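Source file: coords.cif; contents: mmCIF, N, CA and C atoms.
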```cif
data_work
loop_
_atom_site.label_atom_id
_atom_site.label_comp_id
_atom_site.auth_asym_id
_atom_site.auth_seq_id
_atom_site.Cartn_x
_atom_site.Cartn_y
_atom_site.Cartn_z
N MET V 1 28.01 -2.50 -43.63
CA MET V 1 28.09 -3.71 -42.82
C MET V 1 27.11 -4.76 -43.34
N LYS V 2 27.61 -5.92 -43.61
CA LYS V 2 26.76 -6.99 -44.13
C LYS V 2 25.96 -7.61 -43.00
N ARG V 3 24.71 -8.00 -43.34
CA ARG V 3 23.86 -8.61 -42.33
C ARG V 3 24.23 -10.08 -42.15
N LYS V 4 23.87 -10.60 -41.02
CA LYS V 4 24.11 -12.01 -40.73
C LYS V 4 23.12 -12.85 -41.54
N ILE V 5 23.60 -13.91 -42.17
CA ILE V 5 22.75 -14.84 -42.90
C ILE V 5 22.61 -16.11 -42.08
N LYS V 6 21.38 -16.52 -41.88
CA LYS V 6 21.11 -17.71 -41.08
C LYS V 6 20.77 -18.89 -42.00
N PHE V 7 21.53 -19.98 -41.83
CA PHE V 7 21.36 -21.17 -42.65
C PHE V 7 20.89 -22.35 -41.80
N LEU V 8 19.98 -23.12 -42.34
CA LEU V 8 19.58 -24.39 -41.75
C LEU V 8 19.91 -25.48 -42.77
N ILE V 9 20.66 -26.48 -42.32
CA ILE V 9 21.04 -27.60 -43.18
C ILE V 9 20.29 -28.84 -42.72
N ILE V 10 19.51 -29.43 -43.62
CA ILE V 10 18.78 -30.65 -43.30
C ILE V 10 19.31 -31.76 -44.21
N ASP V 11 20.07 -32.67 -43.64
CA ASP V 11 20.69 -33.77 -44.38
C ASP V 11 20.96 -34.89 -43.40
N ASP V 12 20.66 -36.11 -43.79
CA ASP V 12 20.84 -37.24 -42.87
C ASP V 12 22.30 -37.64 -42.72
N GLN V 13 23.17 -37.16 -43.58
CA GLN V 13 24.58 -37.53 -43.51
C GLN V 13 25.38 -36.46 -42.78
N LYS V 14 25.91 -36.85 -41.62
CA LYS V 14 26.63 -35.92 -40.76
C LYS V 14 27.82 -35.27 -41.46
N ILE V 15 28.56 -36.05 -42.22
CA ILE V 15 29.75 -35.50 -42.89
C ILE V 15 29.36 -34.43 -43.91
N ILE V 16 28.21 -34.58 -44.54
CA ILE V 16 27.73 -33.58 -45.49
C ILE V 16 27.34 -32.31 -44.73
N ARG V 17 26.59 -32.47 -43.64
CA ARG V 17 26.19 -31.31 -42.83
C ARG V 17 27.41 -30.54 -42.33
N GLU V 18 28.37 -31.27 -41.80
CA GLU V 18 29.57 -30.62 -41.26
C GLU V 18 30.39 -29.95 -42.35
N GLY V 19 30.51 -30.61 -43.49
CA GLY V 19 31.27 -30.03 -44.61
C GLY V 19 30.61 -28.78 -45.16
N LEU V 20 29.29 -28.82 -45.28
CA LEU V 20 28.57 -27.64 -45.77
C LEU V 20 28.65 -26.51 -44.76
N SER V 21 28.57 -26.82 -43.48
CA SER V 21 28.72 -25.80 -42.44
C SER V 21 30.07 -25.12 -42.54
N GLU V 22 31.12 -25.92 -42.70
CA GLU V 22 32.47 -25.35 -42.84
C GLU V 22 32.59 -24.47 -44.07
N LYS V 23 32.02 -24.91 -45.18
CA LYS V 23 32.05 -24.13 -46.41
C LYS V 23 31.34 -22.80 -46.21
N ILE V 24 30.17 -22.83 -45.58
CA ILE V 24 29.42 -21.60 -45.33
C ILE V 24 30.25 -20.64 -44.48
N ARG V 25 30.85 -21.17 -43.41
CA ARG V 25 31.66 -20.32 -42.53
C ARG V 25 32.85 -19.69 -43.27
N SER V 26 33.40 -20.42 -44.23
CA SER V 26 34.54 -19.90 -44.98
C SER V 26 34.14 -18.85 -46.01
N LEU V 27 32.88 -18.86 -46.44
CA LEU V 27 32.43 -17.95 -47.49
C LEU V 27 31.70 -16.71 -46.98
N PHE V 28 31.12 -16.82 -45.80
CA PHE V 28 30.31 -15.72 -45.29
C PHE V 28 30.88 -15.20 -43.98
N GLU V 29 31.12 -13.90 -43.96
CA GLU V 29 31.72 -13.26 -42.80
C GLU V 29 30.84 -13.39 -41.56
N LYS V 30 29.55 -13.14 -41.74
CA LYS V 30 28.61 -13.20 -40.64
C LYS V 30 27.58 -14.28 -40.95
N THR V 31 27.54 -15.29 -40.12
CA THR V 31 26.58 -16.36 -40.37
C THR V 31 26.23 -17.07 -39.08
N GLU V 32 25.09 -17.70 -39.11
CA GLU V 32 24.67 -18.58 -38.03
C GLU V 32 24.10 -19.82 -38.71
N ILE V 33 24.46 -20.99 -38.18
CA ILE V 33 24.08 -22.25 -38.84
C ILE V 33 23.47 -23.20 -37.82
N ARG V 34 22.41 -23.87 -38.25
CA ARG V 34 21.82 -24.97 -37.49
C ARG V 34 21.79 -26.18 -38.42
N GLU V 35 21.88 -27.36 -37.84
CA GLU V 35 21.88 -28.60 -38.61
C GLU V 35 20.82 -29.55 -38.07
N LEU V 36 20.17 -30.25 -38.98
CA LEU V 36 19.21 -31.30 -38.61
C LEU V 36 19.50 -32.55 -39.44
N ALA V 37 19.39 -33.72 -38.82
CA ALA V 37 19.60 -34.99 -39.52
C ALA V 37 18.32 -35.52 -40.14
N SER V 38 17.20 -34.89 -39.83
CA SER V 38 15.90 -35.35 -40.31
C SER V 38 14.97 -34.16 -40.45
N GLY V 39 13.95 -34.32 -41.28
CA GLY V 39 12.98 -33.26 -41.45
C GLY V 39 11.90 -33.23 -40.39
N LYS V 40 11.84 -34.26 -39.56
CA LYS V 40 10.76 -34.38 -38.59
C LYS V 40 10.60 -33.17 -37.69
N ASP V 41 11.68 -32.65 -37.16
CA ASP V 41 11.63 -31.51 -36.24
C ASP V 41 11.80 -30.16 -36.95
N SER V 42 11.81 -30.19 -38.26
CA SER V 42 12.13 -28.96 -39.00
C SER V 42 11.16 -27.80 -38.74
N PRO V 43 9.85 -28.01 -38.64
CA PRO V 43 8.98 -26.85 -38.38
C PRO V 43 9.31 -26.15 -37.06
N ASP V 44 9.60 -26.91 -36.02
CA ASP V 44 9.95 -26.30 -34.73
C ASP V 44 11.24 -25.49 -34.84
N VAL V 45 12.23 -26.05 -35.53
CA VAL V 45 13.52 -25.35 -35.67
C VAL V 45 13.35 -24.11 -36.54
N VAL V 46 12.59 -24.21 -37.62
CA VAL V 46 12.35 -23.04 -38.48
C VAL V 46 11.64 -21.95 -37.68
N ARG V 47 10.67 -22.32 -36.88
CA ARG V 47 9.94 -21.35 -36.07
C ARG V 47 10.87 -20.63 -35.09
N GLN V 48 11.73 -21.38 -34.43
CA GLN V 48 12.62 -20.80 -33.42
C GLN V 48 13.82 -20.07 -34.03
N PHE V 49 14.41 -20.64 -35.06
CA PHE V 49 15.66 -20.13 -35.62
C PHE V 49 15.44 -19.06 -36.70
N GLU V 50 14.34 -19.17 -37.46
CA GLU V 50 14.01 -18.25 -38.55
C GLU V 50 15.16 -18.13 -39.57
N PRO V 51 15.50 -19.24 -40.23
CA PRO V 51 16.62 -19.19 -41.19
C PRO V 51 16.30 -18.36 -42.43
N ASP V 52 17.34 -17.81 -43.02
CA ASP V 52 17.20 -17.11 -44.29
C ASP V 52 17.14 -18.11 -45.43
N ILE V 53 17.92 -19.18 -45.29
CA ILE V 53 17.99 -20.23 -46.32
C ILE V 53 18.06 -21.59 -45.66
N ILE V 54 17.34 -22.53 -46.24
CA ILE V 54 17.43 -23.93 -45.83
C ILE V 54 18.03 -24.73 -46.98
N PHE V 55 19.08 -25.48 -46.69
CA PHE V 55 19.62 -26.45 -47.66
C PHE V 55 18.99 -27.79 -47.32
N MET V 56 18.29 -28.36 -48.29
CA MET V 56 17.47 -29.55 -48.07
C MET V 56 17.98 -30.73 -48.91
N ASP V 57 18.43 -31.77 -48.22
CA ASP V 57 18.74 -33.01 -48.91
C ASP V 57 17.43 -33.61 -49.39
N ILE V 58 17.47 -34.44 -50.40
CA ILE V 58 16.24 -35.04 -50.93
C ILE V 58 16.07 -36.46 -50.42
N SER V 59 17.12 -37.26 -50.52
CA SER V 59 17.03 -38.68 -50.13
C SER V 59 17.41 -38.85 -48.67
N MET V 60 16.38 -38.90 -47.83
CA MET V 60 16.59 -39.10 -46.40
C MET V 60 15.61 -40.15 -45.91
N PRO V 61 16.02 -40.97 -44.94
CA PRO V 61 15.06 -41.93 -44.37
C PRO V 61 14.01 -41.17 -43.55
N ASP V 62 13.05 -41.81 -43.06
CA ASP V 62 11.99 -41.22 -42.23
C ASP V 62 11.11 -40.26 -43.03
N MET V 63 11.66 -39.15 -43.46
CA MET V 63 10.91 -38.14 -44.20
C MET V 63 11.83 -37.55 -45.26
N ASP V 64 11.49 -37.73 -46.54
CA ASP V 64 12.38 -37.25 -47.60
C ASP V 64 12.28 -35.72 -47.75
N GLY V 65 13.15 -35.18 -48.58
CA GLY V 65 13.21 -33.74 -48.77
C GLY V 65 11.97 -33.15 -49.41
N ILE V 66 11.29 -33.92 -50.23
CA ILE V 66 10.06 -33.44 -50.86
C ILE V 66 8.98 -33.24 -49.79
N GLU V 67 8.79 -34.25 -48.98
CA GLU V 67 7.80 -34.18 -47.90
C GLU V 67 8.17 -33.10 -46.88
N THR V 68 9.44 -33.03 -46.53
CA THR V 68 9.90 -32.02 -45.56
C THR V 68 9.70 -30.61 -46.10
N THR V 69 10.00 -30.41 -47.37
CA THR V 69 9.79 -29.11 -48.00
C THR V 69 8.32 -28.71 -47.93
N ARG V 70 7.44 -29.63 -48.29
CA ARG V 70 5.99 -29.34 -48.23
C ARG V 70 5.55 -29.01 -46.81
N LEU V 71 6.06 -29.76 -45.84
CA LEU V 71 5.70 -29.54 -44.45
C LEU V 71 6.13 -28.13 -43.99
N ILE V 72 7.36 -27.78 -44.29
CA ILE V 72 7.87 -26.46 -43.89
C ILE V 72 7.07 -25.35 -44.57
N LEU V 73 6.88 -25.47 -45.87
CA LEU V 73 6.20 -24.41 -46.61
C LEU V 73 4.72 -24.30 -46.28
N SER V 74 4.13 -25.37 -45.77
CA SER V 74 2.72 -25.29 -45.35
C SER V 74 2.58 -24.39 -44.12
N GLN V 75 3.64 -24.29 -43.34
CA GLN V 75 3.61 -23.46 -42.13
C GLN V 75 4.36 -22.14 -42.29
N PHE V 76 5.33 -22.12 -43.20
CA PHE V 76 6.16 -20.93 -43.44
C PHE V 76 6.28 -20.72 -44.95
N PRO V 77 5.22 -20.21 -45.57
CA PRO V 77 5.17 -20.15 -47.04
C PRO V 77 6.25 -19.31 -47.71
N GLY V 78 6.86 -18.38 -47.03
CA GLY V 78 7.88 -17.56 -47.66
C GLY V 78 9.29 -18.07 -47.48
N GLN V 79 9.45 -19.25 -46.93
CA GLN V 79 10.78 -19.78 -46.60
C GLN V 79 11.59 -20.09 -47.86
N ASN V 80 12.86 -19.69 -47.85
CA ASN V 80 13.77 -19.98 -48.96
C ASN V 80 14.39 -21.36 -48.75
N ILE V 81 14.05 -22.30 -49.63
CA ILE V 81 14.61 -23.65 -49.54
C ILE V 81 15.35 -23.95 -50.84
N ILE V 82 16.58 -24.42 -50.68
CA ILE V 82 17.38 -24.87 -51.82
C ILE V 82 17.59 -26.37 -51.68
N ALA V 83 17.14 -27.12 -52.68
CA ALA V 83 17.41 -28.55 -52.70
C ALA V 83 18.92 -28.73 -52.87
N PHE V 84 19.49 -29.64 -52.09
CA PHE V 84 20.93 -29.89 -52.11
C PHE V 84 21.11 -31.39 -52.23
N SER V 85 21.45 -31.86 -53.43
CA SER V 85 21.35 -33.29 -53.70
C SER V 85 22.37 -33.77 -54.73
N MET V 86 22.49 -35.09 -54.79
CA MET V 86 23.30 -35.73 -55.83
C MET V 86 22.43 -36.03 -57.07
N ASN V 87 21.12 -35.96 -56.91
CA ASN V 87 20.18 -36.28 -58.00
C ASN V 87 20.19 -35.18 -59.05
N ASP V 88 20.64 -35.52 -60.25
CA ASP V 88 20.72 -34.52 -61.31
C ASP V 88 19.71 -34.78 -62.43
N ASN V 89 18.62 -35.47 -62.10
CA ASN V 89 17.65 -35.78 -63.13
C ASN V 89 16.46 -34.82 -63.08
N ASP V 90 15.83 -34.64 -64.23
CA ASP V 90 14.71 -33.70 -64.35
C ASP V 90 13.52 -34.09 -63.49
N GLU V 91 13.27 -35.38 -63.33
CA GLU V 91 12.13 -35.83 -62.54
C GLU V 91 12.25 -35.35 -61.08
N THR V 92 13.43 -35.52 -60.49
CA THR V 92 13.64 -35.08 -59.11
C THR V 92 13.58 -33.57 -59.02
N LEU V 93 14.18 -32.89 -59.96
CA LEU V 93 14.12 -31.42 -60.01
C LEU V 93 12.66 -30.96 -60.04
N ASN V 94 11.86 -31.56 -60.92
CA ASN V 94 10.46 -31.16 -61.04
C ASN V 94 9.67 -31.44 -59.76
N LYS V 95 9.94 -32.56 -59.11
CA LYS V 95 9.25 -32.87 -57.85
C LYS V 95 9.58 -31.85 -56.77
N MET V 96 10.85 -31.46 -56.70
CA MET V 96 11.24 -30.47 -55.70
C MET V 96 10.68 -29.09 -56.05
N MET V 97 10.63 -28.75 -57.32
CA MET V 97 10.03 -27.48 -57.73
C MET V 97 8.54 -27.47 -57.39
N ASP V 98 7.87 -28.58 -57.67
CA ASP V 98 6.45 -28.68 -57.33
C ASP V 98 6.22 -28.57 -55.82
N ALA V 99 7.18 -29.06 -55.04
CA ALA V 99 7.07 -28.96 -53.57
C ALA V 99 7.28 -27.52 -53.09
N GLY V 100 7.97 -26.70 -53.92
CA GLY V 100 8.11 -25.29 -53.59
C GLY V 100 9.51 -24.77 -53.33
N VAL V 101 10.55 -25.57 -53.64
CA VAL V 101 11.91 -25.05 -53.43
C VAL V 101 12.17 -23.86 -54.34
N ARG V 102 13.12 -23.04 -53.95
CA ARG V 102 13.48 -21.86 -54.74
C ARG V 102 14.82 -22.04 -55.44
N GLY V 103 15.44 -23.18 -55.21
CA GLY V 103 16.72 -23.45 -55.84
C GLY V 103 17.03 -24.93 -55.84
N TYR V 104 17.93 -25.32 -56.74
CA TYR V 104 18.35 -26.71 -56.84
C TYR V 104 19.84 -26.73 -57.12
N LEU V 105 20.61 -27.16 -56.13
CA LEU V 105 22.07 -27.18 -56.19
C LEU V 105 22.55 -28.60 -56.03
N LEU V 106 23.49 -29.00 -56.86
CA LEU V 106 24.05 -30.34 -56.75
C LEU V 106 25.20 -30.34 -55.75
N LYS V 107 25.36 -31.45 -55.05
CA LYS V 107 26.45 -31.59 -54.09
C LYS V 107 27.80 -31.61 -54.79
N THR V 108 27.80 -31.81 -56.09
CA THR V 108 29.04 -31.81 -56.86
C THR V 108 29.37 -30.43 -57.44
N ASP V 109 28.47 -29.45 -57.27
CA ASP V 109 28.72 -28.11 -57.79
C ASP V 109 29.85 -27.43 -57.02
N ASP V 110 30.43 -26.42 -57.64
CA ASP V 110 31.57 -25.75 -57.02
C ASP V 110 31.13 -24.53 -56.20
N GLU V 111 32.10 -23.88 -55.62
CA GLU V 111 31.88 -22.72 -54.76
C GLU V 111 31.16 -21.58 -55.48
N THR V 112 31.49 -21.37 -56.74
CA THR V 112 30.85 -20.33 -57.53
C THR V 112 29.35 -20.59 -57.65
N ASP V 113 28.99 -21.84 -57.93
CA ASP V 113 27.58 -22.21 -58.02
C ASP V 113 26.88 -22.04 -56.67
N PHE V 114 27.58 -22.42 -55.61
CA PHE V 114 27.02 -22.30 -54.27
C PHE V 114 26.69 -20.84 -53.96
N LEU V 115 27.64 -19.96 -54.20
CA LEU V 115 27.43 -18.53 -53.95
C LEU V 115 26.32 -17.97 -54.84
N ALA V 116 26.29 -18.41 -56.09
CA ALA V 116 25.24 -17.96 -57.01
C ALA V 116 23.87 -18.41 -56.52
N ALA V 117 23.78 -19.63 -56.01
CA ALA V 117 22.50 -20.14 -55.50
C ALA V 117 22.02 -19.30 -54.34
N VAL V 118 22.90 -19.04 -53.39
CA VAL V 118 22.52 -18.24 -52.21
C VAL V 118 22.11 -16.83 -52.64
N ASP V 119 22.92 -16.16 -53.45
CA ASP V 119 22.63 -14.80 -53.88
C ASP V 119 21.32 -14.73 -54.68
N THR V 120 21.13 -15.68 -55.58
CA THR V 120 19.94 -15.69 -56.43
C THR V 120 18.67 -15.89 -55.61
N VAL V 121 18.70 -16.86 -54.73
CA VAL V 121 17.51 -17.15 -53.91
C VAL V 121 17.23 -16.01 -52.93
N LEU V 122 18.26 -15.46 -52.31
CA LEU V 122 18.04 -14.34 -51.38
C LEU V 122 17.51 -13.10 -52.10
N SER V 123 17.78 -12.98 -53.40
CA SER V 123 17.26 -11.83 -54.15
C SER V 123 15.88 -12.11 -54.75
N GLY V 124 15.29 -13.25 -54.39
CA GLY V 124 13.91 -13.53 -54.79
C GLY V 124 13.75 -14.27 -56.10
N HIS V 125 14.83 -14.81 -56.63
CA HIS V 125 14.76 -15.52 -57.90
C HIS V 125 15.01 -17.01 -57.70
N PHE V 126 14.74 -17.79 -58.75
CA PHE V 126 14.92 -19.23 -58.70
C PHE V 126 16.28 -19.60 -59.29
N PHE V 127 16.98 -20.52 -58.63
CA PHE V 127 18.30 -20.97 -59.09
C PHE V 127 18.25 -22.45 -59.44
N VAL V 128 18.81 -22.80 -60.60
CA VAL V 128 19.00 -24.20 -60.97
C VAL V 128 20.46 -24.39 -61.35
N SER V 129 21.07 -25.43 -60.80
CA SER V 129 22.46 -25.76 -61.08
C SER V 129 22.72 -25.78 -62.58
N LYS V 130 23.83 -25.16 -62.98
CA LYS V 130 24.17 -25.16 -64.41
C LYS V 130 24.47 -26.58 -64.90
N SER V 131 24.83 -27.49 -64.00
CA SER V 131 25.06 -28.88 -64.37
C SER V 131 23.78 -29.56 -64.86
N ILE V 132 22.65 -29.14 -64.33
CA ILE V 132 21.36 -29.69 -64.76
C ILE V 132 20.88 -28.96 -66.00
N LYS V 133 21.03 -27.63 -66.01
CA LYS V 133 20.59 -26.84 -67.17
C LYS V 133 21.33 -27.26 -68.44
N GLY V 134 22.59 -27.67 -68.26
CA GLY V 134 23.41 -28.02 -69.42
C GLY V 134 23.19 -29.41 -69.96
N LYS V 135 22.32 -30.18 -69.30
CA LYS V 135 22.06 -31.56 -69.75
C LYS V 135 21.20 -31.60 -70.98
#
```
Please express what this file holds, its structure, as structure tokens.
Amino acid sequence: MKRKIKFLIIDDQKIIREGLSEKIRSLFEKTEIRELASGKDSPDVVRQFEPDIIFMDISMPDMDGIETTRLILSQFPGQNIIAFSMNDNDETLNKMMDAGVRGYLLKTDDETDFLAAVDTVLSGHFFVSKSIKGK
């Protein structure tokens, strides 16, 4: 019996959050999902929900993904965070890695990459989108 995987999606765009939630539900038999439009309340939600993986947008108003990642990891150092972004440049990747993410997935990546990111990060390794590695 597979265990339930808990996902937290932090993205300011509702359509992205909803689409990612639907994709997760279609790929994972047992799952629980929470969504946030901003990183401001993320520590409280992480404390209460205890997600296995957080998908973190980078470009958000109020508090960007870099700052939100640092905030979460300052309180929950073992948290699995995967950057989920349209930014495919090395500078953004390096900033998110420095902030402490365990993975970097592009919003343009396919289902195979998505599953690989989740599996890789849950097994304790770092994942980088093949679209970035191949540049």
>> Since I can't run it myself right now, could you work out what the PyMOL selection byres ((chain V and resi 86) around 6) selects here and report it as a list of chain:residue names?
In response: V:Phe84, V:Ser85, V:Asn87, V:Asp88, V:Leu106, V:Lys107, V:Thr108
> Where does DSSP see alpha helix (DSSP H) in chain V, if you list the residues as an NGL selection string?
Replying inline: :V and (14-27 or 42-49 or 65-75 or 90-99 or 111-122 or 130-133)
>> Taking the DSSP secondary structure from the backbone, can you list the residues of chain V that are strand (DSSP E or B), as a ChimeraX atom specification?
In response: /V:5-10,31-36,53-56,81-85,103-106,127-128
> When you draw a straight line from atom CA of Leu115 of chain V to atom C of Ser131 of chain V, how long is it in Å?
Replying inline: 15.9 Å
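Minimum distance to Ile33 of chain V across V:Ala117, V:Ile5, V:Ile15, V:Ile58 (counting all atoms listed in the file) occurs at V:Ile5.
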> Which residues come within 9 Å of Lys4 of chain V, counting only C-alpha atoms, excluding same-chain residues fewer than 6 positions away, as a PyMOL selection string?
Replying inline: chain V and resi 28-32
> Which residues, written as JSON, numbers by chain, have at least one atom at most 7 Å from Ile54 of chain V, with only C-alpha atoms counted and residues fewer than 4 positions away on the same chain left out?
Replying inline: {"V": [7, 8, 9, 80, 81, 82]}
